[in-house]
Structures are given as structure tokens and as C-alpha cells.
$ cat input-v7.cif   # mmCIF, N, CA and C atoms
data_upload
#
loop_
_atom_site.label_atom_id
_atom_site.label_comp_id
_atom_site.auth_asym_id
_atom_site.auth_seq_id
_atom_site.Cartn_x
_atom_site.Cartn_y
_atom_site.Cartn_z
N MET U 35 263.72 234.21 57.33
CA MET U 35 264.73 234.69 56.42
C MET U 35 264.48 234.13 55.03
N VAL U 36 264.70 234.94 54.05
CA VAL U 36 264.45 234.53 52.68
C VAL U 36 265.56 233.60 52.21
N SER U 37 265.17 232.56 51.52
CA SER U 37 266.15 231.62 50.97
C SER U 37 266.63 232.15 49.62
N LEU U 38 267.90 232.46 49.55
CA LEU U 38 268.46 233.02 48.32
C LEU U 38 268.73 231.95 47.28
N PHE U 39 268.53 230.70 47.61
CA PHE U 39 268.81 229.62 46.68
C PHE U 39 267.57 229.10 45.98
N ARG U 40 266.44 229.76 46.20
CA ARG U 40 265.21 229.35 45.52
C ARG U 40 264.96 230.25 44.33
N LEU U 41 264.64 229.65 43.22
CA LEU U 41 264.35 230.40 42.01
C LEU U 41 263.08 231.24 42.17
N LYS U 42 262.14 230.74 42.93
CA LYS U 42 260.88 231.45 43.12
C LYS U 42 261.11 232.80 43.79
N THR U 43 262.12 232.89 44.66
CA THR U 43 262.44 234.15 45.32
C THR U 43 262.84 235.19 44.28
N TYR U 44 263.71 234.82 43.36
CA TYR U 44 264.17 235.76 42.34
C TYR U 44 263.05 236.12 41.36
N LEU U 45 262.20 235.17 41.06
CA LEU U 45 261.07 235.47 40.17
C LEU U 45 260.11 236.47 40.82
N LEU U 46 259.86 236.30 42.10
CA LEU U 46 258.97 237.23 42.81
C LEU U 46 259.60 238.61 42.95
N VAL U 47 260.91 238.65 43.20
CA VAL U 47 261.59 239.95 43.30
C VAL U 47 261.56 240.65 41.95
N PHE U 48 261.76 239.89 40.88
CA PHE U 48 261.71 240.51 39.55
C PHE U 48 260.29 240.97 39.23
N LEU U 49 259.29 240.26 39.70
CA LEU U 49 257.90 240.70 39.53
C LEU U 49 257.69 242.04 40.21
N PHE U 50 258.27 242.22 41.40
CA PHE U 50 258.19 243.51 42.08
C PHE U 50 259.02 244.56 41.34
N TYR U 51 260.20 244.18 40.88
CA TYR U 51 261.11 245.14 40.25
C TYR U 51 260.54 245.68 38.94
N LYS U 52 259.71 244.90 38.27
CA LYS U 52 259.13 245.36 37.01
C LYS U 52 258.32 246.63 37.19
N THR U 53 257.80 246.88 38.38
CA THR U 53 257.00 248.08 38.61
C THR U 53 257.85 249.35 38.59
N ILE U 54 259.14 249.24 38.90
CA ILE U 54 260.00 250.42 38.92
C ILE U 54 261.07 250.36 37.83
N LEU U 55 261.03 249.35 36.99
CA LEU U 55 262.06 249.13 35.98
C LEU U 55 262.17 250.28 34.99
N LEU U 56 261.10 250.71 34.43
CA LEU U 56 261.12 251.73 33.39
C LEU U 56 261.65 253.06 33.91
N ALA U 57 261.13 253.52 35.03
CA ALA U 57 261.56 254.81 35.57
C ALA U 57 263.03 254.79 35.96
N SER U 58 263.45 253.73 36.56
CA SER U 58 264.83 253.63 37.02
C SER U 58 265.81 253.59 35.85
N ASN U 59 265.49 252.82 34.83
CA ASN U 59 266.41 252.70 33.70
C ASN U 59 266.40 253.94 32.81
N LEU U 60 265.27 254.60 32.68
CA LEU U 60 265.25 255.86 31.94
C LEU U 60 266.09 256.92 32.65
N LEU U 61 266.05 256.92 33.96
CA LEU U 61 266.87 257.84 34.73
C LEU U 61 268.36 257.52 34.55
N ALA U 62 268.69 256.25 34.53
CA ALA U 62 270.10 255.85 34.34
C ALA U 62 270.58 256.21 32.94
N ILE U 63 269.75 256.00 31.93
CA ILE U 63 270.14 256.34 30.56
C ILE U 63 270.30 257.84 30.40
N LEU U 64 269.42 258.60 31.02
CA LEU U 64 269.54 260.06 30.97
C LEU U 64 270.85 260.53 31.59
N LEU U 65 271.20 259.95 32.72
CA LEU U 65 272.46 260.31 33.36
C LEU U 65 273.67 259.88 32.54
N MET U 66 273.55 258.77 31.85
CA MET U 66 274.66 258.32 31.00
C MET U 66 274.82 259.20 29.78
N VAL U 67 273.72 259.68 29.25
CA VAL U 67 273.80 260.60 28.13
C VAL U 67 274.44 261.91 28.57
N LEU U 68 274.18 262.31 29.81
CA LEU U 68 274.78 263.53 30.36
C LEU U 68 276.20 263.28 30.87
N GLU U 69 276.75 262.10 30.59
CA GLU U 69 278.11 261.69 30.92
C GLU U 69 278.40 261.74 32.41
N SER U 70 277.49 261.21 33.17
CA SER U 70 277.67 261.12 34.62
C SER U 70 278.50 259.88 34.94
N THR U 71 279.13 259.87 36.09
CA THR U 71 279.95 258.73 36.48
C THR U 71 279.08 257.60 37.00
N LEU U 72 279.67 256.40 37.02
CA LEU U 72 278.93 255.24 37.50
C LEU U 72 278.62 255.36 38.99
N ALA U 73 279.52 255.97 39.74
CA ALA U 73 279.29 256.13 41.18
C ALA U 73 278.09 257.03 41.46
N SER U 74 277.94 258.09 40.68
CA SER U 74 276.78 258.97 40.89
C SER U 74 275.48 258.29 40.46
N ILE U 75 275.55 257.45 39.45
CA ILE U 75 274.36 256.71 39.02
C ILE U 75 273.94 255.72 40.10
N ILE U 76 274.92 255.04 40.70
CA ILE U 76 274.62 254.09 41.77
C ILE U 76 274.05 254.82 42.99
N ALA U 77 274.60 255.98 43.31
CA ALA U 77 274.09 256.76 44.44
C ALA U 77 272.65 257.20 44.18
N LEU U 78 272.35 257.61 42.97
CA LEU U 78 270.99 258.02 42.64
C LEU U 78 270.04 256.83 42.67
N LYS U 79 270.50 255.67 42.27
CA LYS U 79 269.67 254.46 42.35
C LYS U 79 269.37 254.12 43.82
N LEU U 80 270.34 254.33 44.68
CA LEU U 80 270.13 254.08 46.11
C LEU U 80 269.08 255.04 46.67
N VAL U 81 269.13 256.28 46.25
CA VAL U 81 268.11 257.26 46.66
C VAL U 81 266.75 256.85 46.10
N PHE U 82 266.72 256.37 44.87
CA PHE U 82 265.46 255.94 44.25
C PHE U 82 264.85 254.78 45.02
N ILE U 83 265.66 253.80 45.41
CA ILE U 83 265.15 252.68 46.21
C ILE U 83 264.70 253.17 47.58
N GLY U 84 265.38 254.17 48.12
CA GLY U 84 264.95 254.77 49.39
C GLY U 84 263.58 255.40 49.27
N LEU U 85 263.31 256.06 48.16
CA LEU U 85 261.99 256.65 47.94
C LEU U 85 260.92 255.58 47.78
N VAL U 86 261.27 254.48 47.14
CA VAL U 86 260.33 253.36 47.03
C VAL U 86 260.04 252.79 48.41
N THR U 87 261.07 252.73 49.25
CA THR U 87 260.89 252.25 50.62
C THR U 87 259.93 253.15 51.38
N LEU U 88 260.08 254.46 51.21
CA LEU U 88 259.16 255.39 51.87
C LEU U 88 257.73 255.21 51.39
N ARG U 89 257.58 254.90 50.12
CA ARG U 89 256.23 254.70 49.59
C ARG U 89 255.57 253.50 50.25
N PHE U 90 256.33 252.43 50.43
CA PHE U 90 255.74 251.23 51.01
C PHE U 90 255.68 251.26 52.52
N SER U 91 256.20 252.30 53.15
CA SER U 91 256.03 252.40 54.60
C SER U 91 254.64 252.92 54.96
N ASP U 92 253.93 253.52 54.00
CA ASP U 92 252.56 253.96 54.21
C ASP U 92 251.65 252.73 54.27
N SER U 93 250.69 252.76 55.15
CA SER U 93 249.84 251.58 55.36
C SER U 93 248.97 251.26 54.14
N ARG U 94 248.64 252.26 53.33
CA ARG U 94 247.83 251.98 52.14
C ARG U 94 248.59 251.15 51.12
N TYR U 95 249.89 251.41 50.99
CA TYR U 95 250.69 250.72 49.99
C TYR U 95 251.39 249.48 50.54
N SER U 96 251.48 249.35 51.85
CA SER U 96 252.13 248.18 52.41
C SER U 96 251.32 246.91 52.17
N LYS U 97 250.04 247.07 51.88
CA LYS U 97 249.21 245.91 51.56
C LYS U 97 249.61 245.28 50.23
N ASP U 98 250.30 246.04 49.38
CA ASP U 98 250.76 245.50 48.11
C ASP U 98 251.89 244.48 48.29
N LEU U 99 252.51 244.48 49.45
CA LEU U 99 253.63 243.59 49.72
C LEU U 99 253.21 242.28 50.38
N VAL U 100 251.93 242.08 50.57
CA VAL U 100 251.44 240.87 51.23
C VAL U 100 251.80 239.63 50.43
N LEU U 101 251.74 239.69 49.12
CA LEU U 101 252.10 238.55 48.28
C LEU U 101 253.51 238.09 48.57
N TYR U 102 254.43 239.02 48.65
CA TYR U 102 255.83 238.68 48.88
C TYR U 102 256.05 238.17 50.30
N GLN U 103 255.32 238.74 51.25
CA GLN U 103 255.44 238.30 52.64
C GLN U 103 254.88 236.89 52.81
N ASN U 104 253.87 236.54 52.03
CA ASN U 104 253.32 235.19 52.10
C ASN U 104 254.32 234.14 51.62
N PHE U 105 255.22 234.53 50.75
CA PHE U 105 256.26 233.61 50.28
C PHE U 105 257.53 233.70 51.12
N GLY U 106 257.50 234.46 52.20
CA GLY U 106 258.62 234.52 53.12
C GLY U 106 259.67 235.55 52.77
N ILE U 107 259.34 236.48 51.91
CA ILE U 107 260.29 237.53 51.52
C ILE U 107 259.96 238.78 52.33
N THR U 108 260.89 239.21 53.14
CA THR U 108 260.67 240.41 53.94
C THR U 108 260.79 241.65 53.06
N LYS U 109 260.30 242.76 53.57
CA LYS U 109 260.36 244.01 52.82
C LYS U 109 261.81 244.43 52.58
N THR U 110 262.65 244.23 53.57
CA THR U 110 264.05 244.59 53.44
C THR U 110 264.75 243.74 52.38
N ALA U 111 264.50 242.44 52.40
CA ALA U 111 265.11 241.55 51.41
C ALA U 111 264.58 241.86 50.01
N LEU U 112 263.32 242.16 49.92
CA LEU U 112 262.72 242.49 48.63
C LEU U 112 263.34 243.74 48.03
N LEU U 113 263.48 244.78 48.82
CA LEU U 113 264.05 246.02 48.31
C LEU U 113 265.55 245.88 48.05
N PHE U 114 266.26 245.10 48.87
CA PHE U 114 267.68 244.89 48.64
C PHE U 114 267.91 244.13 47.34
N LEU U 115 267.16 243.07 47.12
CA LEU U 115 267.33 242.30 45.88
C LEU U 115 266.88 243.10 44.66
N ALA U 116 265.86 243.93 44.81
CA ALA U 116 265.46 244.81 43.71
C ALA U 116 266.58 245.81 43.40
N PHE U 117 267.26 246.30 44.43
CA PHE U 117 268.39 247.20 44.23
C PHE U 117 269.53 246.49 43.52
N VAL U 118 269.78 245.23 43.87
CA VAL U 118 270.83 244.46 43.20
C VAL U 118 270.48 244.24 41.73
N PHE U 119 269.22 243.90 41.44
CA PHE U 119 268.79 243.77 40.04
C PHE U 119 268.98 245.08 39.29
N ASP U 120 268.63 246.17 39.95
CA ASP U 120 268.75 247.49 39.34
C ASP U 120 270.21 247.81 39.04
N LEU U 121 271.10 247.47 39.96
CA LEU U 121 272.52 247.71 39.74
C LEU U 121 273.06 246.88 38.58
N LEU U 122 272.64 245.63 38.51
CA LEU U 122 273.11 244.77 37.42
C LEU U 122 272.67 245.30 36.06
N ILE U 123 271.42 245.69 35.96
CA ILE U 123 270.92 246.21 34.69
C ILE U 123 271.58 247.54 34.36
N SER U 124 271.79 248.39 35.35
CA SER U 124 272.46 249.67 35.11
C SER U 124 273.91 249.46 34.69
N LEU U 125 274.57 248.47 35.28
CA LEU U 125 275.95 248.18 34.90
C LEU U 125 276.02 247.69 33.47
N ILE U 126 275.09 246.87 33.07
CA ILE U 126 275.05 246.39 31.68
C ILE U 126 274.82 247.55 30.73
N ILE U 127 273.89 248.43 31.05
CA ILE U 127 273.63 249.61 30.21
C ILE U 127 274.84 250.49 30.17
N TYR U 128 275.52 250.68 31.30
CA TYR U 128 276.72 251.52 31.35
C TYR U 128 277.83 250.95 30.48
N LEU U 129 278.00 249.63 30.52
CA LEU U 129 279.01 249.00 29.68
C LEU U 129 278.68 249.13 28.19
N ILE U 130 277.41 249.09 27.86
CA ILE U 130 277.00 249.25 26.46
C ILE U 130 277.29 250.69 25.99
N PHE U 131 277.03 251.67 26.83
CA PHE U 131 277.25 253.06 26.44
C PHE U 131 278.72 253.43 26.35
N PHE U 132 279.56 252.91 27.23
CA PHE U 132 280.92 253.40 27.32
C PHE U 132 281.99 252.41 26.85
N PHE U 133 281.62 251.22 26.42
CA PHE U 133 282.63 250.29 25.92
C PHE U 133 282.21 249.64 24.64
#
$ encode --input "input-v7.cif" --output "C-alpha cells"
Amino acid sequence: MVSLFRLKTYLLVFLFYKTILLASNLLAILLMVLESTLASIIALKLVFIGLVTLRFSDSRYSKDLVLYQNFGITKTALLFLAFVFDLLISLIIYLIFFF
């Protein structure tokens, strides 16, 4: 089980999250410009993380996760924490646009 109290865990998850950061946030900004609700943005982010999960279920791409597995971070924990990072950044962007 991944230790959530280690800084190295969050640094490694953010290293993984940087690969999908641009696409995810551009999608969120586009939806905010189109005046979509926060619930629909979160649902779309969940679908986006689901698609990333499907990508890494292929054996060719699952080798990219060996670094994280060597540090004790499972694929599920990695994708969940990346989703949490994505939600936090989307919430900050949403607050900037609407408040």
C-alpha cells in the first residue's frame, strides 16, 4: 500500500500527472468558457482518467509504470491521486473563472 504521508509519493504522482496536465486543463478551460457546470467538468475528468487507465492496461504502455511500482505506488493509487490533483487544479481554475 502506498504511504500517503511521504512527500516522494506526491512528487512521483505529479511527475506522472504532468503527462496529462495540458490536455486535461485545456479541456476544463474550454468547458468553462462554454459555461458548463462544475459537476459536468468533474464527470468528464473522471472519463478522461478512465481513458488513461485503458491506455495503461495495454502491455506496451504498462512498462511506463514500472518506475512508480518500484517506489511502491500501485496503478490504482497513481491514477486516483492524479485524479485528485486534476480535481484540485480544475477547482482552482473554476474559482478563477466564476468568482
$ atom_distance --input "input-v7.cif" --atom1 "atom N of Leu85 of chain U" --atom2 "atom N of Ile127 of chain U"
21.5 Å
$ closest_residue --input "input-v7.cif" --among "U:Ile123, U:Leu45, U:Ser37, U:Phe117" --to "Ala77 of chain U" --atoms "only C-alpha atoms"
U:Phe117
$ residues_around --input "input-v7.cif" --residues "Leu65 of chain U" --least-positions-apart "4" --cutoff "12 Å" --atoms "only C-alpha atoms" --output "NGL selection string"
:U and (58-61 or 69-79 or 124 or 127-128 or 131)
$ residues_around --input "input-v7.cif" --residues "segment 88-93 of chain U" --least-positions-apart "5" --cutoff "12 Å" --atoms "only C-alpha atoms" --output "PyMOL selection string"
chain U and resi 81-83+98-100+109-110+112-113
$ select_by_dssp --input "input-v7.cif" --residues "chain U" --states "helix (DSSP H, G or I)" --output "VMD selection string"
chain U and resid 41 to 67 72 to 91 93 to 104 109 to 132
$ atom_distance --input "input-v7.cif" --atom1 "atom CA of Ile126 of chain U" --atom2 "atom CA of Tyr44 of chain U"
18.6 Å
$ atom_distance --input "input-v7.cif" --atom1 "atom N of Ala111 of chain U" --atom2 "atom N of Ala57 of chain U"
20.9 Å
